[in-house]
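Participant: So here's model_38.txt (compact mmCIF, C-alpha atoms and all ligand atoms).
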```
# COMPACT_ATOMS: atom_id res chain seq x y z
CA MET A 151 40.57 -9.38 16.80
CA SER A 152 39.80 -10.16 13.17
CA GLU A 153 42.10 -7.31 12.11
CA ALA A 154 45.01 -9.10 13.81
CA LYS A 155 43.98 -12.33 12.08
CA ARG A 156 43.89 -10.57 8.72
CA LEU A 157 47.36 -9.07 9.23
CA ALA A 158 48.79 -12.48 10.20
CA GLY A 159 47.09 -14.26 7.29
CA GLU A 160 48.29 -11.75 4.72
CA LYS A 161 51.86 -11.74 6.09
CA ALA A 162 52.10 -15.51 5.49
CA ILE A 163 52.00 -14.85 1.73
CA ASP A 164 55.68 -13.80 2.10
CA TYR A 165 56.53 -17.51 2.46
CA VAL A 166 54.80 -18.63 -0.75
CA GLU A 167 57.24 -19.27 -3.59
CA ASP A 168 56.48 -19.53 -7.29
CA GLY A 169 55.30 -22.96 -8.44
CA MET A 170 54.58 -24.24 -4.92
CA ILE A 171 51.86 -26.61 -3.84
CA VAL A 172 50.77 -24.93 -0.61
CA GLY A 173 49.42 -26.79 2.42
CA VAL A 174 46.39 -24.90 3.70
CA GLY A 175 44.89 -25.14 7.20
CA THR A 176 41.44 -24.34 8.52
CA GLY A 177 39.77 -21.54 10.46
CA SER A 178 39.04 -17.83 10.52
CA THR A 179 42.72 -16.75 10.41
CA VAL A 180 43.50 -19.08 7.51
CA ALA A 181 40.45 -17.67 5.73
CA TYR A 182 42.40 -14.42 5.29
CA PHE A 183 45.41 -16.36 3.98
CA ILE A 184 43.18 -18.15 1.47
CA GLU A 185 41.78 -14.84 0.20
CA ALA A 186 45.34 -13.50 -0.22
CA LEU A 187 46.36 -16.73 -1.95
CA GLY A 188 43.49 -16.21 -4.37
CA ARG A 189 45.05 -12.88 -5.39
CA ILE A 190 48.33 -14.60 -6.39
CA LYS A 191 46.85 -17.89 -7.60
CA GLY A 192 48.66 -17.63 -10.95
CA ARG A 193 51.97 -18.03 -9.13
CA ILE A 194 51.21 -21.35 -7.38
CA ALA A 195 50.69 -24.91 -8.65
CA GLY A 196 47.80 -25.63 -6.27
CA ALA A 197 46.94 -26.44 -2.67
CA VAL A 198 46.52 -29.41 -0.35
CA SER A 199 43.63 -28.66 1.97
CA SER A 200 42.99 -29.71 5.58
CA SER A 201 39.18 -29.51 5.51
CA GLU A 202 36.07 -29.49 3.36
CA GLN A 203 35.55 -25.88 4.47
CA SER A 204 38.94 -24.72 3.16
CA THR A 205 38.62 -26.85 0.02
CA LYS A 206 35.32 -25.15 -0.84
CA ARG A 207 36.76 -21.65 -0.60
CA LEU A 208 39.97 -22.56 -2.45
CA LYS A 209 37.96 -23.98 -5.33
CA GLU A 210 35.64 -20.96 -5.40
CA LEU A 211 38.74 -18.79 -5.87
CA GLY A 212 39.93 -20.98 -8.74
CA ILE A 213 42.80 -22.64 -6.86
CA GLU A 214 43.31 -26.30 -7.75
CA VAL A 215 43.04 -28.59 -4.71
CA LEU A 216 45.28 -31.64 -4.94
CA ASP A 217 45.10 -34.97 -3.18
CA ALA A 218 47.76 -35.24 -0.44
CA ASN A 219 48.94 -38.62 -1.73
CA ALA A 220 49.50 -37.24 -5.21
CA ALA A 221 51.17 -34.05 -3.98
CA GLY A 222 53.81 -35.81 -1.82
CA PRO A 223 56.11 -33.80 0.46
CA LEU A 224 55.21 -30.12 0.72
CA LYS A 225 57.51 -27.16 1.23
CA LEU A 226 55.02 -24.99 3.08
CA TYR A 227 52.02 -25.38 5.35
CA VAL A 228 50.11 -22.37 6.69
CA ASP A 229 47.61 -22.82 9.50
CA GLY A 230 46.18 -21.14 12.60
CA ALA A 231 46.12 -22.38 16.20
CA ASP A 232 44.03 -22.14 19.34
CA GLU A 233 47.07 -21.74 21.61
CA CYS A 234 50.80 -21.29 21.06
CA ASP A 235 53.51 -21.58 23.73
CA PRO A 236 56.98 -19.95 23.68
CA HIS A 237 58.43 -23.11 22.03
CA LYS A 238 55.94 -22.86 19.11
CA ARG A 239 54.07 -25.91 20.41
CA LEU A 240 50.37 -25.64 19.72
CA ILE A 241 46.86 -26.66 20.64
CA LYS A 242 44.76 -27.04 17.51
CA GLY A 243 41.41 -28.54 16.59
CA GLY A 244 38.97 -25.85 17.69
CA GLY A 245 37.57 -26.18 14.18
CA ALA A 246 37.60 -30.01 14.39
CA ALA A 247 40.08 -30.33 11.50
CA LEU A 248 43.04 -31.51 13.62
CA THR A 249 43.67 -34.88 11.97
CA ARG A 250 44.07 -33.61 8.43
CA GLU A 251 45.97 -30.61 9.78
CA LYS A 252 48.40 -32.94 11.53
CA ILE A 253 48.91 -35.00 8.39
CA ILE A 254 49.75 -31.91 6.35
CA ALA A 255 52.00 -30.46 9.07
CA GLU A 256 53.93 -33.74 9.16
CA ALA A 257 54.26 -33.76 5.36
CA SER A 258 55.59 -30.20 5.25
CA GLU A 259 59.11 -28.86 5.42
CA THR A 260 58.04 -25.53 6.94
CA PHE A 261 54.94 -24.97 9.09
CA VAL A 262 54.02 -21.29 9.36
CA CYS A 263 51.47 -20.73 12.12
CA ILE A 264 49.35 -17.57 11.96
CA ILE A 265 47.74 -16.30 15.16
CA ASP A 266 46.34 -13.24 16.86
CA PRO A 267 48.08 -12.15 20.11
CA ALA A 268 45.38 -13.73 22.34
CA LYS A 269 46.57 -17.18 21.28
CA GLN A 270 49.99 -16.77 22.95
CA VAL A 271 50.21 -18.54 26.32
CA PRO A 272 53.08 -19.42 28.69
CA VAL A 273 51.73 -22.98 29.20
CA LEU A 274 49.28 -24.86 26.96
CA GLY A 275 45.95 -26.07 28.33
CA ARG A 276 43.67 -23.14 29.07
CA PHE A 277 41.97 -23.85 25.73
CA PRO A 278 40.26 -27.26 26.04
CA LEU A 279 42.40 -29.86 24.25
CA PRO A 280 40.54 -31.41 21.27
CA VAL A 281 40.93 -35.15 20.73
CA GLU A 282 39.40 -36.84 17.67
CA VAL A 283 38.02 -40.30 18.51
CA ILE A 284 36.42 -43.21 16.70
CA PRO A 285 32.74 -42.94 17.79
CA MET A 286 32.57 -46.38 19.48
CA ALA A 287 35.60 -45.50 21.65
CA ARG A 288 34.27 -42.16 22.96
CA SER A 289 33.48 -43.32 26.45
CA LEU A 290 36.57 -45.52 26.84
CA VAL A 291 38.86 -42.72 25.67
CA ALA A 292 37.17 -40.23 28.01
CA ARG A 293 37.72 -42.53 31.00
CA ARG A 294 41.38 -43.10 30.09
CA ILE A 295 42.05 -39.39 29.58
CA LEU A 296 40.50 -38.56 32.96
CA ALA A 297 42.64 -41.20 34.67
CA LEU A 298 45.86 -40.22 32.88
CA THR A 299 45.62 -36.43 32.96
CA GLY A 300 43.01 -35.42 35.53
CA GLY A 301 41.45 -33.23 32.82
CA GLN A 302 37.70 -33.31 32.19
CA PRO A 303 36.79 -34.65 28.73
CA VAL A 304 33.59 -33.15 27.29
CA TRP A 305 31.96 -34.63 24.17
CA ARG A 306 31.50 -31.93 21.48
CA GLN A 307 27.97 -33.14 20.75
CA GLY A 308 26.57 -32.61 17.28
CA VAL A 309 30.01 -32.26 15.67
CA VAL A 310 31.15 -34.93 13.20
CA THR A 311 34.62 -34.46 11.72
CA ASP A 312 35.37 -34.61 7.99
CA ASN A 313 36.61 -38.14 8.73
CA GLY A 314 33.28 -39.23 10.30
CA ASN A 315 34.60 -39.17 13.87
CA TRP A 316 33.77 -37.34 17.11
CA ILE A 317 35.63 -34.81 19.27
CA LEU A 318 36.33 -34.80 22.99
CA ASP A 319 37.45 -31.45 24.45
CA VAL A 320 39.60 -31.93 27.54
CA HIS A 321 39.17 -29.11 30.08
CA ASN A 322 41.30 -28.00 33.05
CA LEU A 323 44.71 -29.10 31.81
CA SER A 324 48.06 -27.44 32.47
CA ILE A 325 50.32 -29.09 29.92
CA THR A 326 53.87 -28.69 31.21
CA ASP A 327 55.23 -31.55 29.04
CA PRO A 328 53.24 -31.43 25.78
CA VAL A 329 55.46 -33.97 23.96
CA ALA A 330 54.89 -36.55 26.72
CA MET A 331 51.13 -35.91 26.84
CA GLU A 332 50.79 -36.08 23.05
CA THR A 333 52.72 -39.36 23.01
CA GLU A 334 50.71 -40.86 25.86
CA LEU A 335 47.26 -39.91 24.59
CA ASN A 336 48.15 -41.14 21.09
CA GLN A 337 48.46 -44.66 22.55
CA ILE A 338 44.84 -44.95 23.72
CA PRO A 339 42.92 -47.27 21.37
CA GLY A 340 40.26 -45.29 19.52
CA VAL A 341 42.20 -42.01 19.53
CA VAL A 342 42.59 -40.79 15.97
CA SER A 343 44.53 -37.59 16.73
CA VAL A 344 45.39 -35.41 19.69
CA GLY A 345 45.21 -31.67 19.11
CA LEU A 346 48.69 -31.15 20.56
CA PHE A 347 51.25 -30.15 17.95
CA ALA A 348 54.34 -30.62 20.12
CA ARG A 349 56.23 -33.49 18.49
CA ARG A 350 55.92 -31.50 15.27
CA PRO A 351 55.57 -27.86 16.39
CA ALA A 352 55.36 -24.81 14.14
CA ASP A 353 58.63 -23.61 12.59
CA ILE A 354 57.59 -19.98 12.26
CA VAL A 355 54.84 -18.14 14.12
CA ILE A 356 53.33 -14.91 12.78
CA VAL A 357 51.50 -12.88 15.41
CA GLY A 358 49.07 -10.49 13.76
CA GLY A 359 49.49 -6.80 14.58
CA GLU A 360 50.63 -3.54 13.07
CA PRO A 361 53.25 -4.61 12.06
CA PRO A 362 52.99 -8.41 12.33
CA ARG A 363 55.64 -10.06 14.55
CA VAL A 364 57.53 -13.05 13.15
CA LEU A 365 58.80 -15.50 15.81
C1 LIG B 1 41.00 -25.86 13.25
C2 LIG B 1 42.15 -25.22 13.91
C3 LIG B 1 42.30 -23.75 13.78
O1 LIG B 1 43.57 -23.47 13.28
C4 LIG B 1 42.15 -23.11 15.14
O2 LIG B 1 40.90 -23.50 15.67
C5 LIG B 1 42.24 -21.58 15.06
O3 LIG B 1 41.12 -21.07 14.43
P1 LIG B 1 40.90 -19.52 14.18
O4 LIG B 1 41.92 -19.09 13.18
O5 LIG B 1 39.48 -19.46 13.63
O6 LIG B 1 41.02 -18.79 15.49
O7 LIG B 1 42.97 -25.85 14.55
O8 LIG B 1 40.91 -27.22 13.56
```
Output the file's structure in the form of structure tokens.
Ligand code: 5RP

Facilitator:
Amino acid sequence: MSEAKRLAGEKAIDYVEDGMIVGVGTGSTVAYFIEALGRIKGRIAGAVSSSEQSTKRLKELGIEVLDANAAGPLKLYVDGADECDPHKRLIKGGGAALTREKIIAEASETFVCIIDPAKQVPVLGRFPLPVEVIPMARSLVARRILALTGGQPVWRQGVVTDNGNWILDVHNLSITDPVAMETELNQIPGVVSVGLFARRPADIVIVGGEPPRVL
């Protein structure tokens, strides 16, 4: 499967234009994009990163990492996903970086999502939905999510996000209206971000393969 991830990550370089500040996601598929970005680093002005993990590798490759506030609106964001439906709506957050990923997606004109074929699903929800929560609200949020969705929230114990928060993974969902669920779960006090990218879906999806498919 990593070959499909590599092909998707390298294809995303087609969307990088000279002088750009590139929004960079997190994960094993994006890792291939970062390596490819390193090979053309002279052409770009820098990157805005969605995680400490991606920041570390970008800096090792000699790519300047800029603060999101200083960079302002971005033209391009490249990131992976845990699931992608036919409308380019996503589940993200398997790597616990969903909040910063959502901020960069929102700030970007074009969101290019890079996936391997196994991530394509007809309906979101087979992959447990990550929700980042303020630690003191973990139990309250879990109870509310159970009542609202019927899904089973499981605390991802031992994981602390880059923002100092915790993750609940919600199992056994079939998300037929992802915009409504994202909106509803966002209202629960203590929820920092919901790993549904439906209100702001991807614009372009690259499915890794020989050749890669662009949707
Ligand atoms: C991290 C993410 C990743 O994009 C998602 O988990 C996919 O990861 P990978 O490319 O390793 O399969 O949302 O929070």

Participant: List all protein, DNA and RNA residues that have at least one atom no more than 8 Å from any atom of ligand LIG 1 (chain B), counting all atoms listed in the file, and write them as number ranges by chain.

Facilitator: A: 155, 175-181, 229-232, 241-248, 251, 264-266, 345

Participant: So that all listed atoms of range 156-162 of chain A fit with 8 Å spare on each side, what axis-aligned box centre and edge lengths in Å, to one decimal, would you give as AutoDock Vina command-line options?

Facilitator:
```
--center_x 48.0 --center_y -12.3 --center_z 7.5 --size_x 24.2 --size_y 22.4 --size_z 21.5
```

Participant: Pick the closest to Pro362 in chain A from A:Val172, A:Ala186, A:Leu208, A:Ala154: which is it, counting all atoms listed in the file?

Facilitator: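 Between A:Val172, A:Ala186, A:Leu208, A:Ala154, the residue approaching Pro362 in chain A most closely is A:Ala154.
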
Participant: Can you pull out the residues contacting Gly301 in chain A? Cut-off 12 Å, using only C-alpha atoms, and skip same-chain residues under 4 positions away; I want them as an MDAnalysis selection string.

Facilitator: chainID A and resid 275:280 292:297 318:325 331

Participant: Using Å and a single decimal, report how far CA of Leu157 in chain A sits from CA of Ile356 in chain A.

Facilitator: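 Taking CA of Ile356 in chain A and CA of Leu157 in chain A, their separation equals 9.1 Å.
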
Participant: Taking 5 positions as the minimum chain separation for residues in the same chain, which residues sit within 7 Å of Val344 in chain A when counting all atoms listed in the file? Answer as a count of residues only.

Facilitator: 6

Participant: If I put a ball of radius 12 Å at (49.7, -27.5, 6.9) in the file's coordinates, which residues poke into it when counting only C-alpha atoms, written as a PDB file with C-alpha atoms, in the frame of the given file?

Facilitator:
```
ATOM      1  CA  ILE A 171      51.860 -26.610  -3.840  1.00  0.00           C
ATOM      2  CA  VAL A 172      50.770 -24.930  -0.610  1.00  0.00           C
ATOM      3  CA  GLY A 173      49.420 -26.790   2.420  1.00  0.00           C
ATOM      4  CA  VAL A 174      46.390 -24.900   3.700  1.00  0.00           C
ATOM      5  CA  GLY A 175      44.890 -25.140   7.200  1.00  0.00           C
ATOM      6  CA  THR A 176      41.440 -24.340   8.520  1.00  0.00           C
ATOM      7  CA  VAL A 180      43.500 -19.080   7.510  1.00  0.00           C
ATOM      8  CA  ALA A 197      46.940 -26.440  -2.670  1.00  0.00           C
ATOM      9  CA  VAL A 198      46.520 -29.410  -0.350  1.00  0.00           C
ATOM     10  CA  SER A 199      43.630 -28.660   1.970  1.00  0.00           C
ATOM     11  CA  SER A 200      42.990 -29.710   5.580  1.00  0.00           C
ATOM     12  CA  SER A 201      39.180 -29.510   5.510  1.00  0.00           C
ATOM     13  CA  SER A 204      38.940 -24.720   3.160  1.00  0.00           C
ATOM     14  CA  ALA A 218      47.760 -35.240  -0.440  1.00  0.00           C
ATOM     15  CA  PRO A 223      56.110 -33.800   0.460  1.00  0.00           C
ATOM     16  CA  LEU A 224      55.210 -30.120   0.720  1.00  0.00           C
ATOM     17  CA  LYS A 225      57.510 -27.160   1.230  1.00  0.00           C
ATOM     18  CA  LEU A 226      55.020 -24.990   3.080  1.00  0.00           C
ATOM     19  CA  TYR A 227      52.020 -25.380   5.350  1.00  0.00           C
ATOM     20  CA  VAL A 228      50.110 -22.370   6.690  1.00  0.00           C
ATOM     21  CA  ASP A 229      47.610 -22.820   9.500  1.00  0.00           C
ATOM     22  CA  GLY A 230      46.180 -21.140  12.600  1.00  0.00           C
ATOM     23  CA  ALA A 231      46.120 -22.380  16.200  1.00  0.00           C
ATOM     24  CA  LYS A 242      44.760 -27.040  17.510  1.00  0.00           C
ATOM     25  CA  ALA A 247      40.080 -30.330  11.500  1.00  0.00           C
ATOM     26  CA  LEU A 248      43.040 -31.510  13.620  1.00  0.00           C
ATOM     27  CA  THR A 249      43.670 -34.880  11.970  1.00  0.00           C
ATOM     28  CA  ARG A 250      44.070 -33.610   8.430  1.00  0.00           C
ATOM     29  CA  GLU A 251      45.970 -30.610   9.780  1.00  0.00           C
ATOM     30  CA  LYS A 252      48.400 -32.940  11.530  1.00  0.00           C
ATOM     31  CA  ILE A 253      48.910 -35.000   8.390  1.00  0.00           C
ATOM     32  CA  ILE A 254      49.750 -31.910   6.350  1.00  0.00           C
ATOM     33  CA  ALA A 255      52.000 -30.460   9.070  1.00  0.00           C
ATOM     34  CA  GLU A 256      53.930 -33.740   9.160  1.00  0.00           C
ATOM     35  CA  ALA A 257      54.260 -33.760   5.360  1.00  0.00           C
ATOM     36  CA  SER A 258      55.590 -30.200   5.250  1.00  0.00           C
ATOM     37  CA  GLU A 259      59.110 -28.860   5.420  1.00  0.00           C
ATOM     38  CA  THR A 260      58.040 -25.530   6.940  1.00  0.00           C
ATOM     39  CA  PHE A 261      54.940 -24.970   9.090  1.00  0.00           C
ATOM     40  CA  VAL A 262      54.020 -21.290   9.360  1.00  0.00           C
ATOM     41  CA  CYS A 263      51.470 -20.730  12.120  1.00  0.00           C
ATOM     42  CA  ILE A 264      49.350 -17.570  11.960  1.00  0.00           C
ATOM     43  CA  PHE A 347      51.250 -30.150  17.950  1.00  0.00           C
ATOM     44  CA  ARG A 350      55.920 -31.500  15.270  1.00  0.00           C
ATOM     45  CA  PRO A 351      55.570 -27.860  16.390  1.00  0.00           C
ATOM     46  CA  ALA A 352      55.360 -24.810  14.140  1.00  0.00           C
ATOM     47  CA  ASP A 353      58.630 -23.610  12.590  1.00  0.00           C
TER      48      ASP A 353
END
```

Participant: Kindly provide, as a list in words, the polymer residues lying within 9 Å of (29.8, -41.5, 18.5), counting only C-alpha atoms and using the coordinates exactly as they appear in the file.

Facilitator: Val283, Ile284, Pro285, Met286, Ala287, Arg288, Ser289, Gln307, Val310, Asn315, Trp316 and Ile317 of chain A

Participant: Generate the output file for the selected residues, C-alpha atoms, as a PDB file, in the frame of the given file.

Facilitator:
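Resulting contents of selection-v7.pdb:
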```pdb
ATOM      1  CA  VAL A 283      38.020 -40.300  18.510  1.00  0.00           C
ATOM      2  CA  ILE A 284      36.420 -43.210  16.700  1.00  0.00           C
ATOM      3  CA  PRO A 285      32.740 -42.940  17.790  1.00  0.00           C
ATOM      4  CA  MET A 286      32.570 -46.380  19.480  1.00  0.00           C
ATOM      5  CA  ALA A 287      35.600 -45.500  21.650  1.00  0.00           C
ATOM      6  CA  ARG A 288      34.270 -42.160  22.960  1.00  0.00           C
ATOM      7  CA  SER A 289      33.480 -43.320  26.450  1.00  0.00           C
ATOM      8  CA  GLN A 307      27.970 -33.140  20.750  1.00  0.00           C
ATOM      9  CA  VAL A 310      31.150 -34.930  13.200  1.00  0.00           C
ATOM     10  CA  ASN A 315      34.600 -39.170  13.870  1.00  0.00           C
ATOM     11  CA  TRP A 316      33.770 -37.340  17.110  1.00  0.00           C
ATOM     12  CA  ILE A 317      35.630 -34.810  19.270  1.00  0.00           C
TER      13      ILE A 317
END
```

Participant: Using only C-alpha atoms for the distances, tell me which of A:Leu365, A:Leu216, A:Val355, A:Val291 is nearest to Ile338 in chain A.

Facilitator: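 Of the candidates, the smallest distance to Ile338 in chain A is held by A:Val291.
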
Participant: What does the structure give for the distance between CA of Gly192 in chain A and CA of Lys209 in chain A, in Å to one decimal?

Facilitator: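 These two atoms are separated by 13.7 Å.
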
Participant: Counting all atoms listed in the file, figure out which residue out of A:Pro267, A:Gly196, A:Thr333, A:Gly314 gets nearest to Glu153 in chain A.

Facilitator: A:Pro267

Participant: Using CA of Gly159 in chain A and CA of Tyr182 in chain A as the two end points, give the distance in Å to one decimal.

Facilitator: 5.1 Å

Participant: For a quick check of understanding, using all atoms listed in the file, which of A:Ile184, A:Ile354, A:Val273, A:Gly169 has the smallest distance to Thr205 in chain A?

Facilitator: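 Smallest separation from Thr205 in chain A among the options: A:Ile184.
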